[in-house]
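Visitor: Okay, here's the structure, questions in a sec.
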Amino acid sequence: MTGTLATASQTGNATARSQRYDTVIHRRRTRTVMVGDVPIGSEHPVAVQSMINEDTLDIEGAVAGIRRLAEAGCEIVRVTTPSMAHAKAMGDIRAALRAQGCGVPLVADVHHNGIRIALEVAQHVDKVRINPGLFVFDKPDPDRQDFSREEFEAIGQRIKDDFAPLVEVLKTQNKALRIGVNHGSLAERMLFTYGDTPEGMVESAMEFVRLCDELDFHNIVISMKASRAPVMLAAYRLMADTLDREGFHYPLHLGVTEAGDGDYGRIKSTAGIATLLAEGLGDTIRVSLTEAPEKEIPVCFSILQALGLRKTMVEYVACPSCGRTLFNLEEVLNQVRDATSHLTGLDIAVMGCIVNGPGEMADADYGYVGKTPGVISLYRGRDEIRKVPETEGVDALIQLIKDDGRWVDPV
């Protein structure tokens, strides 16, 4: 093939390879969907959201829960609305929040046969989330062997008839919709037709996506959550490919549902969410922990910062301790973090010795490096600024940051 032009396939493969080797994540291109005043899409920072666990009928408790999340940095808050009473309560919750100066966008979670609830709650929130497997819900028939094409299409028509009024309300009010598929709640007809598979999850979502397109509504965000990371990964990848192939460039909401708690819940969530973000998929995320919801927010921001997608805190670069370490690395790192964690946008390195220190921390804004026993070298970028006794190291680092005009006092 020497001397011939590269084919489109070869060019595409070369582009994919170059992006794979790049140090910057190339996000999948999507349209922008506004949720209140928060934009979701590839042209904007990946948004962080969570969900309160208070009963929506407890107005005071729900307002307090939403405010705790907002104060923790949560940018979109979801609230469950399982009944008409819960839907109407959202009006009181929203009014109370706005009276208290809290403008965080609100999302209502609607499930079983929820069209009446959705139509009511759409008046009080910025986005409605529906679950395709439950929106038009029939109790499974234990004696059923299959679904005929006629039965499948008849249910599809019922879905369209029930769904269209909600779409018209959201379109008129310029509000958003999340089509939120859960692996554990696929509709019976999807299970019979596609099996308990990522394909079934994708087709469940696409049925609603295509209905929205027929109705010329495009303020859509899509999620494909599962409690097992491999299923979640496959479903989101297939969803993105299917959307793009059909010309629907909608944003994706990422999450591993029912991840659990503690270290494993965080690791499991990160395994799914970070993998997809690194591939360029995902425009808003939620880490689902069996803990107080506000504990999810630092995990979300840590994932985004680790991938270079958002910078909302200090990035600490620290080596593992070894025999060359000239001070108690863990103790000093904690001292540095305690003194500087309120800052934003800085990279601070704490390195135990001069052997690896300057090289490994080359991209850091500031460095705290063991020089000789009892002596610390402070760096600005690659430049050694001065040496100080170890006992003065943290205070001297703070002073260096102040000298550069990059210090702010903690609130």
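By convention here, the chains of the structure tokens are called A, B, ... in the order presented, each chain's residues are numbered starting at 1, and ligands are numbered starting at 1 in the order presented.
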Where does region 247-346 of chain A meet region 382-398 of chain A within 10 Å, residue by residue, with the nearest atom pair and distance in Å to one decimal for each, counting only C-alpha atoms, listed by chain and rising number, as a Markdown table?
Guide:
```
| residue | atom | partner | partner_atom | distance |
| --- | --- | --- | --- | --- |
| A:Leu326 | CA | A:Glu390 | CA | 9.7 |
| A:Phe327 | CA | A:Glu390 | CA | 8.2 |
| A:Val332 | CA | A:Val394 | CA | 8.1 |
| A:Leu333 | CA | A:Val394 | CA | 9.6 |
| A:Gln335 | CA | A:Val394 | CA | 7.2 |
| A:Val336 | CA | A:Val394 | CA | 6.2 |
| A:Arg337 | CA | A:Val394 | CA | 9.8 |
| A:Ala339 | CA | A:Ile398 | CA | 7.8 |
| A:Thr340 | CA | A:Ile398 | CA | 7.8 |
```
Visitor: Hey, which bits of region 62-179 of chain A sit within 12 Å of region 284-287 of chain A, and for each residue what's the closest pair of atoms and how far apart in Å (one decimal), counting only C-alpha atoms, rows by chain and increasing number, as a tab-separated table?
Guide:
```
residue	atom	partner	partner_atom	distance
A:Cys74	CA	A:Arg286	CA	9.7
A:Glu75	CA	A:Thr284	CA	9.8
A:Ile76	CA	A:Thr284	CA	9.4
A:Val77	CA	A:Arg286	CA	10.1
A:Arg78	CA	A:Arg286	CA	10.4
A:Arg178	CA	A:Thr284	CA	11.4
```
Visitor: Go ahead and write the selection's residues with all heavy atoms as a PDB file, in the first residue's frame.
Guide:
```
ATOM      1  N   CYS A  74     -22.616  19.231  46.453  1.00  0.00           N
ATOM      2  CA  CYS A  74     -23.486  18.537  45.513  1.00  0.00           C
ATOM      3  C   CYS A  74     -24.167  19.555  44.601  1.00  0.00           C
ATOM      4  O   CYS A  74     -24.710  20.552  45.071  1.00  0.00           O
ATOM      5  CB  CYS A  74     -24.526  17.716  46.268  1.00  0.00           C
ATOM      6  SG  CYS A  74     -25.578  16.709  45.218  1.00  0.00           S
ATOM      7  N   GLU A  75     -24.170  19.286  43.303  1.00  0.00           N
ATOM      8  CA  GLU A  75     -24.645  20.275  42.338  1.00  0.00           C
ATOM      9  C   GLU A  75     -26.067  20.005  41.834  1.00  0.00           C
ATOM     10  O   GLU A  75     -26.705  20.899  41.266  1.00  0.00           O
ATOM     11  CB  GLU A  75     -23.664  20.330  41.166  1.00  0.00           C
ATOM     12  CG  GLU A  75     -22.316  20.870  41.620  1.00  0.00           C
ATOM     13  CD  GLU A  75     -21.172  20.553  40.675  1.00  0.00           C
ATOM     14  OE1 GLU A  75     -21.128  19.434  40.124  1.00  0.00           O
ATOM     15  OE2 GLU A  75     -20.292  21.429  40.513  1.00  0.00           O
ATOM     16  N   ILE A  76     -26.563  18.787  42.018  1.00  0.00           N
ATOM     17  CA  ILE A  76     -27.927  18.412  41.655  1.00  0.00           C
ATOM     18  C   ILE A  76     -28.398  17.416  42.709  1.00  0.00           C
ATOM     19  O   ILE A  76     -27.655  16.481  43.038  1.00  0.00           O
ATOM     20  CB  ILE A  76     -27.998  17.768  40.259  1.00  0.00           C
ATOM     21  CG1 ILE A  76     -27.486  18.735  39.177  1.00  0.00           C
ATOM     22  CG2 ILE A  76     -29.413  17.318  39.932  1.00  0.00           C
ATOM     23  CD1 ILE A  76     -27.309  18.079  37.809  1.00  0.00           C
ATOM     24  N   VAL A  77     -29.612  17.573  43.219  1.00  0.00           N
ATOM     25  CA  VAL A  77     -30.110  16.691  44.284  1.00  0.00           C
ATOM     26  C   VAL A  77     -31.396  16.005  43.829  1.00  0.00           C
ATOM     27  O   VAL A  77     -32.334  16.667  43.375  1.00  0.00           O
ATOM     28  CB  VAL A  77     -30.364  17.471  45.590  1.00  0.00           C
ATOM     29  CG1 VAL A  77     -30.936  16.538  46.655  1.00  0.00           C
ATOM     30  CG2 VAL A  77     -29.072  18.117  46.090  1.00  0.00           C
ATOM     31  N   ARG A  78     -31.436  14.696  44.019  1.00  0.00           N
ATOM     32  CA  ARG A  78     -32.612  13.905  43.654  1.00  0.00           C
ATOM     33  C   ARG A  78     -33.411  13.551  44.905  1.00  0.00           C
ATOM     34  O   ARG A  78     -32.845  13.298  45.964  1.00  0.00           O
ATOM     35  CB  ARG A  78     -32.171  12.636  42.924  1.00  0.00           C
ATOM     36  CG  ARG A  78     -33.314  11.777  42.407  1.00  0.00           C
ATOM     37  CD  ARG A  78     -32.856  10.860  41.271  1.00  0.00           C
ATOM     38  NE  ARG A  78     -31.651  10.130  41.587  1.00  0.00           N
ATOM     39  CZ  ARG A  78     -31.601   8.795  41.767  1.00  0.00           C
ATOM     40  NH1 ARG A  78     -32.711   8.078  41.696  1.00  0.00           N
ATOM     41  NH2 ARG A  78     -30.457   8.207  42.018  1.00  0.00           N
ATOM     42  N   ARG A 178     -34.561  12.431  32.927  1.00  0.00           N
ATOM     43  CA  ARG A 178     -33.564  11.352  32.948  1.00  0.00           C
ATOM     44  C   ARG A 178     -34.268  10.036  32.670  1.00  0.00           C
ATOM     45  O   ARG A 178     -35.189   9.659  33.383  1.00  0.00           O
ATOM     46  CB  ARG A 178     -32.812  11.255  34.284  1.00  0.00           C
ATOM     47  CG  ARG A 178     -31.954   9.964  34.333  1.00  0.00           C
ATOM     48  CD  ARG A 178     -30.732  10.085  35.196  1.00  0.00           C
ATOM     49  NE  ARG A 178     -30.984  10.052  36.604  1.00  0.00           N
ATOM     50  CZ  ARG A 178     -30.785   8.972  37.381  1.00  0.00           C
ATOM     51  NH1 ARG A 178     -30.399   7.822  36.863  1.00  0.00           N
ATOM     52  NH2 ARG A 178     -30.998   9.053  38.677  1.00  0.00           N
TER      53      ARG A 178
END
```
Visitor: Mind checking which residues fall within 9 Å of Ala108 (chain A), counting only C-alpha atoms, ignoring those fewer than 2 positions away in the same chain, and posting them as a list in words?
Guide: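 The filter keeps Val77, Arg78, Val79, Thr80, Thr81, Ala87, Met90, Leu106, Val110, Ala118, Val121, Ala122, His124, Val125, Asp126, Lys127, Val128, Arg129 and Ile130 of chain A.
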Visitor: Select from region 8-197 of chain A everything DSSP, run on the backbone, classes as strand (DSSP E or B), then give the selection as a VMD selection string.
Guide: chain A and resid 33 to 35 38 to 40 47 to 51 76 to 80 106 to 110 127 to 130 176 to 182
Visitor: If you count only C-alpha atoms, which residues fall within 7 Å of region 302-313 of chain A, apart from same-chain ones fewer than 3 positions away, as an NGL selection string?
Guide: :A and (45 or 270 or 274 or 278 or 298-299 or 341 or 343-345)
Visitor: Any idea what the distance is between CA of Leu57 (chain A) and CA of Leu97 (chain A)?
Guide: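 Straight-line distance from CA of Leu57 (chain A) to CA of Leu97 (chain A) works out to 14.8 Å.
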Visitor: Mind pulling up the distance from CA of Asn334 (chain A) to CA of Tyr366 (chain A)?
Guide: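 Separating CA of Tyr366 (chain A) from CA of Asn334 (chain A) is a distance of 15.8 Å.
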Visitor: Please identify every residue of region 226-253 of chain A that has at least one atom no farther than 8 Å from an atom of region 196-214 of chain A, counting only C-alpha atoms, and for each give the shortest atom pair and the distance in Å to one decimal, arranged by chain then increasing number, as a tab-separated table.
Guide:
```
residue	atom	partner	partner_atom	distance
A:Val231	CA	A:Pro198	CA	6.6
A:Met232	CA	A:Pro198	CA	7.8
A:Ala234	CA	A:Pro198	CA	6.3
A:Ala235	CA	A:Pro198	CA	4.6
A:Leu238	CA	A:Val202	CA	7.1
A:Met239	CA	A:Val202	CA	5.6
```
Visitor: With N, CA, C and O atoms retained, could you export that selection as a tab-separated table (two decimals), in the first residue's frame?
Guide:
```tsv
chain	number	residue	atom	x	y	z
A	231	VAL	N	-21.26	-5.33	34.22
A	231	VAL	CA	-22.54	-5.14	33.52
A	231	VAL	C	-22.75	-3.66	33.22
A	231	VAL	O	-23.14	-3.26	32.13
A	232	MET	N	-22.47	-2.84	34.21
A	232	MET	CA	-22.61	-1.39	34.04
A	232	MET	C	-21.71	-0.88	32.92
A	232	MET	O	-22.14	-0.09	32.07
A	234	ALA	N	-20.46	-2.51	30.31
A	234	ALA	CA	-20.95	-2.97	29.01
A	234	ALA	C	-22.18	-2.19	28.57
A	234	ALA	O	-22.31	-1.81	27.40
A	235	ALA	N	-23.09	-1.95	29.52
A	235	ALA	CA	-24.33	-1.26	29.18
A	235	ALA	C	-24.08	0.18	28.73
A	235	ALA	O	-24.66	0.65	27.74
A	238	LEU	N	-22.35	0.21	25.22
A	238	LEU	CA	-23.32	-0.11	24.18
A	238	LEU	C	-24.32	1.03	24.01
A	238	LEU	O	-24.73	1.35	22.88
A	239	MET	N	-24.72	1.64	25.11
A	239	MET	CA	-25.65	2.77	25.04
A	239	MET	C	-25.04	3.92	24.24
A	239	MET	O	-25.71	4.50	23.36
```
Visitor: Quick one: pull the distance between CA of Glu168 (chain A) and CA of Pro251 (chain A), Å, one decimal.
Guide: 20.4 Å
Visitor: When you count only C-alpha atoms, which of these residues is closest to Leu233 (chain A): A:Ile273, A:Leu177, A:Val46, A:Leu400?
Guide: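 The shortest atom-to-atom distance to Leu233 (chain A) comes from A:Ile273.
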